[in-house]
Structure formats: C-alpha cells, structure tokens
$ cat work05.txt   # compact mmCIF, C-alpha atoms (C1' of nucleotides)
# COMPACT_ATOMS: atom_id res chain seq x y z
CA MET A 27 99.79 74.89 126.37
CA ASP A 28 100.17 71.23 127.20
CA PRO A 29 102.44 69.76 124.52
CA ILE A 30 100.38 66.60 124.22
CA LYS A 31 97.25 68.64 123.58
CA GLN A 32 99.13 70.84 121.16
CA PHE A 33 100.33 67.79 119.28
CA ASN A 34 96.86 66.26 119.13
CA GLU A 35 95.38 69.45 117.79
CA TYR A 36 98.03 69.73 115.12
CA VAL A 37 97.52 66.13 114.08
CA SER A 38 93.78 66.46 113.71
CA ARG A 39 94.00 69.84 112.01
CA LYS A 40 96.34 68.36 109.41
CA GLY A 41 94.31 65.21 108.92
CA LEU A 42 97.11 63.08 110.32
CA LYS A 43 96.66 60.08 112.54
CA ASN A 44 97.49 59.49 116.13
CA THR A 45 99.40 56.31 116.72
CA ASN A 46 100.85 54.42 119.65
CA GLN A 47 104.36 55.03 118.42
CA ARG A 48 103.86 58.77 118.29
CA MET A 49 102.53 58.86 121.84
CA ILE A 50 105.37 56.73 123.14
CA ILE A 51 107.94 58.90 121.39
CA LEU A 52 106.30 62.08 122.61
CA GLU A 53 106.23 60.92 126.22
CA THR A 54 109.83 59.80 126.17
CA PHE A 55 110.86 62.99 124.46
CA LEU A 56 109.11 65.19 127.02
CA ALA A 57 110.09 63.15 130.06
CA SER A 58 113.82 63.10 129.56
CA GLU A 59 116.51 65.70 129.64
CA SER A 60 116.68 67.72 126.50
CA HIS A 61 118.86 67.90 123.41
CA PHE A 62 118.32 64.46 121.94
CA SER A 63 119.67 63.49 118.57
CA THR A 64 117.51 61.09 116.57
CA GLU A 65 120.06 58.38 117.24
CA GLU A 66 120.06 58.94 121.00
CA LEU A 67 116.30 58.98 121.31
CA TYR A 68 116.05 55.92 119.09
CA LEU A 69 118.49 53.98 121.28
CA LYS A 70 116.70 55.02 124.44
CA LEU A 71 113.31 54.02 123.08
CA ARG A 72 114.66 50.71 121.89
CA GLU A 73 115.37 49.63 125.44
CA GLU A 74 111.68 49.47 126.16
CA TYR A 75 110.12 49.36 122.70
CA PRO A 76 112.46 47.41 120.43
CA LYS A 77 109.97 47.39 117.58
CA ILE A 78 110.06 51.14 116.98
CA GLY A 79 112.13 51.93 113.91
CA TYR A 80 114.71 54.63 113.43
CA ALA A 81 112.77 56.20 110.57
CA THR A 82 109.68 56.54 112.72
CA VAL A 83 111.62 58.27 115.48
CA HIS A 84 113.13 60.62 112.97
CA ARG A 85 109.85 61.41 111.24
CA THR A 86 108.15 61.95 114.54
CA LEU A 87 110.78 64.37 115.78
CA LYS A 88 110.42 66.32 112.55
CA LEU A 89 106.71 66.37 113.14
CA PHE A 90 107.24 67.71 116.66
CA ALA A 91 109.37 70.49 115.23
CA GLU A 92 106.69 71.23 112.65
CA CYS A 93 103.95 71.63 115.20
CA GLY A 94 106.08 73.71 117.51
CA ILE A 95 106.62 71.43 120.47
CA ALA A 96 110.26 70.77 119.60
CA ALA A 97 113.09 72.95 118.35
CA GLU A 98 115.86 71.71 116.10
CA ARG A 99 119.37 72.61 117.19
CA ASN A 100 122.74 72.04 115.68
CA PHE A 101 125.82 72.38 117.83
CA GLY A 102 128.32 71.63 115.12
CA ASP A 103 128.98 67.98 115.92
CA GLY A 104 127.22 66.87 112.75
CA GLN A 105 124.06 65.76 114.51
CA THR A 106 120.76 67.57 114.64
CA ARG A 107 119.37 67.72 118.16
CA PHE A 108 115.81 68.30 119.32
CA GLU A 109 114.68 69.95 122.52
CA PRO A 110 111.21 70.43 123.95
CA VAL A 111 109.85 73.96 123.60
CA HIS A 112 108.30 75.25 126.81
CA GLY A 113 105.96 78.16 126.33
CA GLU A 114 107.29 81.20 124.54
CA GLU A 115 110.55 81.87 126.27
CA HIS A 116 113.56 81.96 124.07
CA HIS A 117 116.94 80.78 125.18
CA ASP A 118 120.44 80.30 123.88
CA HIS A 119 123.18 77.85 124.76
CA LEU A 120 126.54 77.46 126.39
CA VAL A 121 128.20 74.33 125.02
CA CYS A 122 131.20 72.73 126.70
CA THR A 123 133.60 71.62 123.99
CA SER A 124 135.23 69.14 126.34
CA CYS A 125 132.39 67.18 128.00
CA GLY A 126 129.46 68.21 125.81
CA LEU A 127 127.51 69.80 128.67
CA ILE A 128 124.81 72.13 127.43
CA ILE A 129 123.55 75.00 129.58
CA GLU A 130 120.61 77.15 128.55
CA PHE A 131 120.47 80.85 129.24
CA GLU A 132 118.36 83.90 128.49
CA GLU A 133 119.68 87.41 128.04
CA PRO A 134 117.08 89.95 126.97
CA GLN A 135 119.69 92.65 126.56
CA ILE A 136 121.42 90.63 123.86
CA GLU A 137 118.11 90.21 122.09
CA LYS A 138 117.57 93.96 122.18
CA LEU A 139 120.98 94.60 120.69
CA GLN A 140 120.25 92.08 117.98
CA GLU A 141 117.13 94.00 117.08
CA SER A 142 119.08 97.22 116.82
CA VAL A 143 121.70 95.60 114.59
CA ALA A 144 118.95 94.26 112.37
CA ALA A 145 117.31 97.65 112.19
CA THR A 146 120.59 99.21 111.10
CA HIS A 147 120.63 96.87 108.12
CA GLN A 148 116.88 97.09 107.44
CA PHE A 149 116.62 93.45 108.33
CA THR A 150 113.53 91.79 109.74
CA ILE A 151 114.59 89.09 112.20
CA GLU A 152 112.58 85.91 112.16
CA ASN A 153 114.80 83.96 114.48
CA HIS A 154 118.36 83.64 115.58
CA ARG A 155 120.92 81.34 117.05
CA LEU A 156 123.54 82.15 119.60
CA GLU A 157 125.89 79.58 120.98
CA LEU A 158 128.89 80.14 123.21
CA TYR A 159 131.46 77.38 123.00
CA GLY A 160 134.11 76.83 125.64
CA LEU A 161 134.89 75.02 128.85
CA CYS A 162 132.50 74.48 131.72
CA ALA A 163 133.78 75.06 135.25
CA ALA A 164 134.54 71.37 135.82
CA CYS A 165 136.45 70.89 132.58
CA ALA A 166 138.37 74.12 133.05
CA ALA A 167 139.43 72.93 136.51
CA ALA A 168 140.36 69.47 135.21
CA ASP A 169 142.43 71.13 132.54
CA GLN A 170 145.04 72.45 134.97
CA MET B 4 149.33 89.56 107.48
CA ASP B 5 149.07 88.82 103.78
CA PRO B 6 147.07 85.59 103.50
CA ILE B 7 149.31 84.23 100.75
CA LYS B 8 152.38 84.73 102.90
CA GLN B 9 150.58 83.24 105.86
CA PHE B 10 149.66 80.21 103.82
CA ASN B 11 153.19 79.76 102.49
CA GLU B 12 154.64 79.94 105.98
CA TYR B 13 152.17 77.39 107.28
CA VAL B 14 152.91 75.04 104.41
CA SER B 15 156.67 75.15 104.89
CA ARG B 16 156.42 74.94 108.66
CA LYS B 17 154.36 71.76 108.35
CA GLY B 18 156.56 70.25 105.67
CA LEU B 19 153.75 70.42 103.14
CA LYS B 20 154.16 71.31 99.50
CA ASN B 21 153.08 74.26 97.50
CA THR B 22 151.27 73.37 94.33
CA ASN B 23 149.69 75.15 91.43
CA GLN B 24 146.27 73.97 92.45
CA ARG B 25 146.63 75.39 95.93
CA MET B 26 147.66 78.78 94.59
CA ILE B 27 144.83 78.85 92.09
CA ILE B 28 142.32 77.91 94.76
CA LEU B 29 143.72 80.45 97.20
CA GLU B 30 143.56 83.28 94.68
CA THR B 31 140.04 82.47 93.64
CA PHE B 32 138.99 82.10 97.24
CA LEU B 33 140.45 85.46 98.23
CA ALA B 34 139.35 87.32 95.11
CA SER B 35 135.66 86.54 95.24
CA GLU B 36 132.90 87.45 97.55
CA SER B 37 132.91 85.37 100.67
CA HIS B 38 130.94 82.47 102.04
CA PHE B 39 131.71 79.76 99.53
CA SER B 40 130.65 76.20 99.99
CA THR B 41 133.04 73.57 98.63
CA GLU B 42 130.57 72.90 95.86
CA GLU B 43 130.27 76.54 94.84
CA LEU B 44 133.98 77.15 94.77
CA TYR B 45 134.54 73.91 92.89
CA LEU B 46 132.04 74.91 90.21
CA LYS B 47 133.52 78.37 89.90
CA LEU B 48 137.05 77.00 89.57
CA ARG B 49 135.93 74.46 87.03
CA GLU B 50 135.01 77.21 84.57
CA GLU B 51 138.65 78.10 84.17
CA TYR B 52 140.47 75.05 85.49
CA PRO B 53 138.38 71.99 84.62
CA LYS B 54 141.07 69.60 85.78
CA ILE B 55 140.87 70.55 89.45
CA GLY B 56 139.00 67.90 91.40
CA TYR B 57 136.35 68.35 94.04
CA ALA B 58 138.44 66.53 96.62
CA THR B 59 141.33 68.91 96.11
CA VAL B 60 139.11 71.94 96.55
CA HIS B 61 137.69 70.45 99.70
CA ARG B 62 141.06 69.48 101.16
CA THR B 63 142.48 72.86 100.32
CA LEU B 64 139.66 74.74 102.00
CA LYS B 65 140.17 72.61 105.09
CA LEU B 66 143.83 73.49 104.93
CA PHE B 67 142.98 77.19 104.76
CA ALA B 68 140.85 76.81 107.85
CA GLU B 69 143.68 74.98 109.59
CA CYS B 70 146.20 77.71 108.95
CA GLY B 71 143.80 80.46 109.92
CA ILE B 72 143.13 82.20 106.62
CA ALA B 73 139.61 80.82 106.34
CA ALA B 74 136.79 80.31 108.82
CA GLU B 75 134.23 77.54 108.54
CA ARG B 76 130.63 78.59 108.88
CA ASN B 77 127.38 76.74 108.90
CA PHE B 78 124.15 78.58 108.28
CA GLY B 79 121.87 75.63 108.64
CA ASP B 80 121.34 74.83 104.98
CA GLY B 81 123.36 71.65 105.31
CA GLN B 82 126.46 73.04 103.64
CA THR B 83 129.66 74.16 105.28
CA ARG B 84 130.81 77.52 104.02
CA PHE B 85 134.23 79.12 104.15
CA GLU B 86 135.03 82.79 104.37
CA PRO B 87 138.38 84.58 104.28
CA VAL B 88 139.59 85.78 107.68
CA HIS B 89 140.84 89.35 107.61
CA GLY B 90 143.01 90.25 110.54
CA GLU B 91 141.67 89.69 114.02
CA GLU B 92 138.27 91.31 113.89
CA HIS B 93 135.39 89.08 114.81
CA HIS B 94 132.02 89.36 113.15
CA ASP B 95 128.64 87.71 113.13
CA HIS B 96 126.02 87.32 110.42
CA LEU B 97 122.62 88.37 109.23
CA VAL B 98 121.25 85.72 106.87
CA CYS B 99 118.29 86.37 104.58
CA THR B 100 116.12 83.28 104.58
CA SER B 101 114.58 84.27 101.28
CA CYS B 102 117.45 85.20 98.94
CA GLY B 103 120.42 83.86 100.90
CA LEU B 104 122.08 87.26 101.27
CA ILE B 105 124.66 87.29 104.04
CA ILE B 106 125.60 90.50 105.81
CA GLU B 107 128.43 90.67 108.33
CA PHE B 108 128.29 92.81 111.42
CA GLU B 109 130.20 93.52 114.60
CA GLU B 110 128.66 94.43 117.92
CA PRO B 111 131.13 94.70 120.79
CA GLN B 112 128.34 95.22 123.30
CA ILE B 113 126.90 91.81 122.49
CA GLU B 114 130.32 90.27 122.98
CA LYS B 115 130.57 91.90 126.38
CA LEU B 116 127.19 90.57 127.42
CA GLN B 117 128.22 87.12 126.28
CA GLU B 118 131.23 87.31 128.56
CA SER B 119 129.06 88.25 131.49
CA VAL B 120 126.66 85.38 130.78
CA ALA B 121 129.62 83.00 130.63
CA ALA B 122 131.00 84.33 133.88
CA THR B 123 127.66 83.75 135.58
CA HIS B 124 127.93 80.08 134.67
CA GLN B 125 131.68 79.83 135.33
CA PHE B 126 132.18 79.17 131.68
CA THR B 127 135.31 80.00 129.73
CA ILE B 128 134.35 81.06 126.21
CA GLU B 129 136.60 79.85 123.41
CA ASN B 130 134.42 81.02 120.57
CA HIS B 131 130.84 81.64 119.66
CA ARG B 132 128.40 81.86 116.84
CA LEU B 133 125.61 84.31 116.42
CA GLU B 134 123.38 84.37 113.40
CA LEU B 135 120.25 86.39 112.86
CA TYR B 136 117.88 84.90 110.33
CA GLY B 137 115.16 86.86 108.63
CA LEU B 138 114.35 88.98 105.60
CA CYS B 139 116.62 91.56 104.05
CA ALA B 140 115.12 94.90 103.05
CA ALA B 141 114.62 93.86 99.42
CA CYS B 142 112.91 90.57 100.24
CA ALA B 143 110.74 92.16 102.90
CA ALA B 144 109.60 94.73 100.32
CA ALA B 145 108.98 92.06 97.67
CA ASP B 146 106.94 90.16 100.20
CA GLN B 147 104.13 92.69 100.24
C1' DC C 28 170.92 69.27 87.92
C1' DT C 29 168.87 65.07 89.16
C1' DA C 30 167.29 61.06 91.89
C1' DG C 31 164.31 59.66 95.17
C1' DA C 32 161.43 60.28 99.18
C1' DA C 33 157.33 62.54 100.58
C1' DA C 34 153.24 64.81 99.68
C1' DA C 35 149.43 66.12 96.49
C1' DT C 36 146.14 65.06 93.01
C1' DG C 37 141.85 63.34 90.89
C1' DA C 38 138.52 59.76 90.33
C1' DA C 39 136.03 56.78 92.58
C1' DA C 40 134.54 54.58 96.58
C1' DA C 41 133.30 54.93 101.49
C1' DC C 42 131.11 57.25 105.06
C1' DG C 43 127.55 58.99 108.37
C1' DA C 44 123.47 61.39 109.02
C1' DT C 45 119.21 62.05 107.05
C1' DT C 46 115.46 61.10 103.97
C1' DT C 47 112.73 58.30 100.89
C1' DT C 48 110.62 54.06 99.16
C1' DC C 49 107.49 50.42 99.46
C1' DA C 50 104.57 46.77 101.00
C1' DG C 51 102.02 45.62 104.80
C1' DA C 52 99.68 47.32 109.21
C1' DA C 53 96.91 50.45 111.65
C1' DG C 54 93.80 54.49 112.29
C1' DC C 55 89.79 57.05 111.12
C1' DT C 56 85.37 58.38 108.85
C1' DA C 57 81.04 57.49 107.01
C1' DT D 13 82.81 47.62 109.71
C1' DA D 14 84.28 48.81 104.97
C1' DG D 15 87.37 51.21 102.72
C1' DC D 16 90.34 54.98 102.08
C1' DT D 17 94.25 57.22 104.02
C1' DT D 18 98.07 57.51 106.78
C1' DC D 19 101.71 55.24 109.31
C1' DT D 20 105.26 51.93 110.13
C1' DG D 21 109.66 49.50 109.78
C1' DA D 22 113.27 47.71 106.98
C1' DA D 23 115.95 48.64 103.49
C1' DA D 24 117.62 51.48 99.98
C1' DA D 25 118.64 56.14 98.32
C1' DT D 26 120.47 60.60 98.98
C1' DC D 27 123.48 64.36 100.16
C1' DG D 28 127.49 66.48 101.79
C1' DT D 29 131.84 65.17 103.30
C1' DT D 30 135.90 62.33 103.77
C1' DT D 31 139.01 58.63 102.49
C1' DT D 32 141.39 55.47 99.40
C1' DC D 33 144.63 54.49 96.00
C1' DA D 34 147.32 54.66 91.92
C1' DT D 35 149.68 58.21 89.69
C1' DT D 36 151.84 62.69 89.38
C1' DT D 37 154.20 66.51 91.31
C1' DT D 38 157.10 68.87 94.51
C1' DC D 39 161.26 69.58 96.79
C1' DT D 40 165.40 68.30 99.20
C1' DA D 41 169.85 66.32 99.33
C1' DG D 42 173.52 64.75 96.87

$ encode --input "work05.txt" --output "structure tokens"
Amino acid sequence: MDPIKQFNEYVSRKGLKNTNQRMIILETFLASESHFSTEELYLKLREEYPKIGYATVHRTLKLFAECGIAAERNFGDGQTRFEPVHGEEHHDHLVCTSCGLIIEFEEPQIEKLQESVAATHQFTIENHRLELYGLCAACAAADQ
Amino acid sequence: MDPIKQFNEYVSRKGLKNTNQRMIILETFLASESHFSTEELYLKLREEYPKIGYATVHRTLKLFAECGIAAERNFGDGQTRFEPVHGEEHHDHLVCTSCGLIIEFEEPQIEKLQESVAATHQFTIENHRLELYGLCAACAAADQ
DNA sequence: CTAGAAAATGAAAACGATTTTCAGAAGCTA
DNA sequence: TAGCTTCTGAAAATCGTTTTCATTTTCTAG
C-alpha cells in the first residue's frame, strides 16, 4: 500500500491530526536513502524547513514506526535509525564497520533455519534481527 | 582457558593492577547466570559488598569485554548486557519478549549461509548478531 | 620492608540520545 | 466558526553510560 495513504488511514483511525510538518517529514523520509537517525533527518529537514523542531521529527518517526511505514534499527553505534518499510518483504543487513555502508539482503533459507531453531525450543518467533558486521569490498581493498 | 587466569594475564600484560573489587566482581560475574546489565550486577553485588560503586562495576565489565572474558550484548531494551565467554564457541539468542528469558543456541548452517551472503556482496564478516524475538513456551501457553 | 609512582576507587558531575513538559498554535468536528 | 483536542517547538527532564577528581590502594624498585 502507498505509505502516505497508510499513514493517513492510521492517523484518522487513531483520532490524530494531519499536519504540514508530518507531511513534510514523511515525504523527506520516503524520498531519501534509508537508515536515517533522528539527528540526520532533522539536519536534512532543517536545510529547507528551519522551523521544524527536533522533537517533532523524533515524534513523527516514532509515529511512522507505530503505523508500520518505518522500521526502527539499531546498528550498535548508539543511534536508533529508521528505514522505510516497503511491502511485506523482510530483509537483514550487512554493515561495514569502516565506512558505515549498509547493504540490505534477503535469505529465505536463513529464515527457515531460524524457524526450526525456534521450534526446537518451543519458541514462537515474532521478529528477529540479523546483522553481519565487517568490511565492504572497498574498505577491505583500502586496508591492504 | 580459565577466565581468572586469562584476566590476570591481561592485567599484568597491560600494566594494570589487580584489586579486591575486580576479583569480587569477576567471581560474581562468572558464578551467576549470564546476561547481566551493569545495573543488575551492581545491585546484586551491593547485597554483599555495599561499598562497591556503580562506576567500578561498569569499568570492570568493560575491562572483561576488553580482555575477552565477557561479550557485550544489546537486546534492544536500552541496556547493554554482558555474558561470560566460554571458549571459542559462538552462539546466538532467543529472547522472550514477555518474560525476558534468554536462550542461547548455535546453528552452524546459519553461519554458513551468512558467509555465502557476505561473499555475494564481497563482504568480509568480522562478526554478527542474530536474535530471535518472540514468546517462550511458558509465555505462549499463558497467553491463551 | 618501605617509599613513591601509577593505577583504581567511589561519589558526583558530565554526557549524548531520547523523551517529556508546557504554553501557544493549528487541525478537526459539530 | 466555536471550541475541544491534538500538535508544535523550545527547553527541561530522563536514562543509561562515561568521565572527573580527590583519595586510596597496588605494586615495583630500592
């Protein structure tokens, strides 16, 4: 579903209000490359809309996560990042510890194995996180 | 290797000093079930050794991580946790989102698939994290 | 065994990211 | 359009973590 529509539906279902700021933040969030921290998105927005406050950006990102159009991620650098959710596909991440590059990947076989591990322990999986940390090709080459 | 020996060697190699507090913290850390946050370990220690400060517990846990007898983990509840490292085996975690239960598991096949994903992207893996979040058997049953 | 340099301790303050507060502004419903 | 509710932005509060600093402890060298 169109994320803007999805957001509007969520807002009206919850009795919330639709504001200019929220639309601006949503557009910027969707238009740009993923994995924004609150700080990064705030700084980007400020270039064009200097009146938008940090708290509003933060609250709005939380709201996006709540209504399912954003996912919260944490790659261990002490900052929470948000990425747009497209459809239902799930993906995990390769994170370059040198340059910070983030690559997304999908591997259904890993997901299957996760299910079997969970079953072994009578666990019901709700969600998971898998991150592979290391060096991207460029950084590995530069390392020589 | 014996963690206490390993710690002592690290300390003398780095020109650090061996103190009562560090030994007390190490013993308590090793003796108890894993996955302590600084706060939790501090509170536990305080029962018997009320003079030990929070900062000391924190610095000591960091030191354990540095010398390889503890691993830092983050399960998304905003607290860093430490667990004793036993030998070389690697493991991942099942985390119950209801009661907080943490189960460790190993799945070599998943590790292999991770390597192949990394290779596809010319990535060199240094480490990874895999956590499966959901309900343990008890909580799933209680949920009915 | 002891003096003295170096490191460790504990309490409190600083820190950085996130969250909350609050008064005024804006959105929505009747 | 009135009036209730939510939202906004700035600032303050919060939470976990880290640092500071005066004092104490460890340990080496004499």

$ closest_residue --input "work05.txt" --among "A:Thr82, A:Gln47, A:Lys31, A:Thr106" --to "Phe62 (chain A)" --atoms "all atoms listed in the file"
A:Thr106

$ atom_distance --input "work05.txt" --atom1 "CA of Phe108 (chain B)" --atom2 "CA of Ser35 (chain B)"
18.9 Å

$ closest_atom_pairs --input "work05.txt" --of "chain A" --to "chain C" --cutoff "9 Å" --atoms "only C-alpha atoms (C1' of nucleotides)" --output "tab-separated table"
residue	atom	partner	partner_atom	distance
A:Lys43	CA	C:DG54	C1'	6.3
A:Asn44	CA	C:DG54	C1'	7.3
A:Thr45	CA	C:DG54	C1'	7.4
A:Ala81	CA	C:DT46	C1'	8.6
A:His84	CA	C:DT45	C1'	8.6
A:Gly104	CA	C:DA44	C1'	7.6
A:Gln105	CA	C:DA44	C1'	7.0
A:Thr106	CA	C:DA44	C1'	8.8

$ closest_atom_pairs --input "work05.txt" --of "chain D" --to "chain B" --cutoff "10 Å" --atoms "all atoms listed in the file" --output "JSON lines"
{"residue": "D:DC27", "atom": "C1'", "partner": "B:Gly81", "partner_atom": "CA", "distance": 8.9}
{"residue": "D:DG28", "atom": "C1'", "partner": "B:Gln82", "partner_atom": "CA", "distance": 6.9}
{"residue": "D:DT29", "atom": "C1'", "partner": "B:His61", "partner_atom": "CA", "distance": 8.7}
{"residue": "D:DT30", "atom": "C1'", "partner": "B:Ala58", "partner_atom": "CA", "distance": 8.7}
{"residue": "D:DT31", "atom": "C1'", "partner": "B:Ala58", "partner_atom": "CA", "distance": 9.9}
{"residue": "D:DT37", "atom": "C1'", "partner": "B:Thr22", "partner_atom": "CA", "distance": 8.0}
{"residue": "D:DT38", "atom": "C1'", "partner": "B:Lys20", "partner_atom": "CA", "distance": 6.3}
{"residue": "D:DC39", "atom": "C1'", "partner": "B:Lys20", "partner_atom": "CA", "distance": 7.8}

$ closest_atom_pairs --input "work05.txt" --of "chain B" --to "chain A" --cutoff "9 Å" --atoms "all atoms listed in the file" --output "JSON lines"
{"residue": "B:Asn77", "atom": "CA", "partner": "A:Gly102", "partner_atom": "CA", "distance": 8.1}
{"residue": "B:Gly79", "atom": "CA", "partner": "A:Asn100", "partner_atom": "CA", "distance": 8.0}
{"residue": "B:Leu97", "atom": "CA", "partner": "A:Ala144", "partner_atom": "CA", "distance": 7.6}
{"residue": "B:Cys99", "atom": "CA", "partner": "A:Phe149", "partner_atom": "CA", "distance": 8.2}
{"residue": "B:Thr100", "atom": "CA", "partner": "A:Glu152", "partner_atom": "CA", "distance": 8.8}
{"residue": "B:Ile106", "atom": "CA", "partner": "A:His147", "partner_atom": "CA", "distance": 8.4}
{"residue": "B:Phe108", "atom": "CA", "partner": "A:Val143", "partner_atom": "CA", "distance": 7.8}
{"residue": "B:Glu109", "atom": "CA", "partner": "A:Val143", "partner_atom": "CA", "distance": 8.8}
{"residue": "B:Glu110", "atom": "CA", "partner": "A:Val143", "partner_atom": "CA", "distance": 7.8}
{"residue": "B:Gln112", "atom": "CA", "partner": "A:Leu139", "partner_atom": "CA", "distance": 7.8}
{"residue": "B:Ile113", "atom": "CA", "partner": "A:Ile136", "partner_atom": "CA", "distance": 5.8}
{"residue": "B:Glu114", "atom": "CA", "partner": "A:Ile136", "partner_atom": "CA", "distance": 9.0}
{"residue": "B:Leu116", "atom": "CA", "partner": "A:Ile136", "partner_atom": "CA", "distance": 6.8}
{"residue": "B:Gln117", "atom": "CA", "partner": "A:Leu158", "partner_atom": "CA", "distance": 7.7}
{"residue": "B:Val120", "atom": "CA", "partner": "A:Glu133", "partner_atom": "CA", "distance": 7.8}
{"residue": "B:Ala121", "atom": "CA", "partner": "A:Leu120", "partner_atom": "CA", "distance": 7.6}
{"residue": "B:His124", "atom": "CA", "partner": "A:Ala163", "partner_atom": "CA", "distance": 7.7}
{"residue": "B:Gln125", "atom": "CA", "partner": "A:Ala163", "partner_atom": "CA", "distance": 5.2}
{"residue": "B:Phe126", "atom": "CA", "partner": "A:Cys162", "partner_atom": "CA", "distance": 4.7}
{"residue": "B:Thr127", "atom": "CA", "partner": "A:Leu161", "partner_atom": "CA", "distance": 5.1}
{"residue": "B:Ile128", "atom": "CA", "partner": "A:Gly160", "partner_atom": "CA", "distance": 4.3}
{"residue": "B:Glu129", "atom": "CA", "partner": "A:Gly160", "partner_atom": "CA", "distance": 4.5}
{"residue": "B:Asn130", "atom": "CA", "partner": "A:Tyr159", "partner_atom": "CA", "distance": 5.3}
{"residue": "B:His131", "atom": "CA", "partner": "A:Leu158", "partner_atom": "CA", "distance": 4.3}
{"residue": "B:Arg132", "atom": "CA", "partner": "A:Glu157", "partner_atom": "CA", "distance": 5.4}
{"residue": "B:Leu133", "atom": "CA", "partner": "A:Leu156", "partner_atom": "CA", "distance": 4.4}
{"residue": "B:Glu134", "atom": "CA", "partner": "A:Arg155", "partner_atom": "CA", "distance": 5.3}
{"residue": "B:Leu135", "atom": "CA", "partner": "A:His154", "partner_atom": "CA", "distance": 4.3}
{"residue": "B:Tyr136", "atom": "CA", "partner": "A:Asn153", "partner_atom": "CA", "distance": 5.3}
{"residue": "B:Gly137", "atom": "CA", "partner": "A:Ile151", "partner_atom": "CA", "distance": 4.2}
{"residue": "B:Leu138", "atom": "CA", "partner": "A:Thr150", "partner_atom": "CA", "distance": 5.1}
{"residue": "B:Cys139", "atom": "CA", "partner": "A:Phe149", "partner_atom": "CA", "distance": 4.7}
{"residue": "B:Ala140", "atom": "CA", "partner": "A:Gln148", "partner_atom": "CA", "distance": 5.2}
{"residue": "B:Ala141", "atom": "CA", "partner": "A:Gln148", "partner_atom": "CA", "distance": 8.9}
{"residue": "B:Ala143", "atom": "CA", "partner": "A:Thr150", "partner_atom": "CA", "distance": 7.4}

$ axis_aligned_box --input "work05.txt" --around "region 8-17 of chain B" --padding-each-side "8 Å" --output "AutoDock Vina command-line options"
--center_x 153.2 --center_y 78.2 --center_z 105.6 --size_x 23.0 --size_y 29.0 --size_z 22.2

$ atom_distance --input "work05.txt" --atom1 "CA of Ser40 (chain B)" --atom2 "CA of Phe85 (chain B)"
6.2 Å

$ closest_residue --input "work05.txt" --among "A:Pro110, A:Ala168, A:Leu89, A:Thr146" --to "Cys125 (chain A)" --atoms "all atoms listed in the file"
A:Ala168

$ atom_distance --input "work05.txt" --atom1 "CA of Ile55 (chain B)" --atom2 "CA of Ile28 (chain B)"
9.2 Å

$ closest_residue --input "work05.txt" --among "B:Leu48, B:Val60, B:Ala68, B:Ile7" --to "Leu33 (chain B)" --atoms "only C-alpha atoms"
B:Ile7
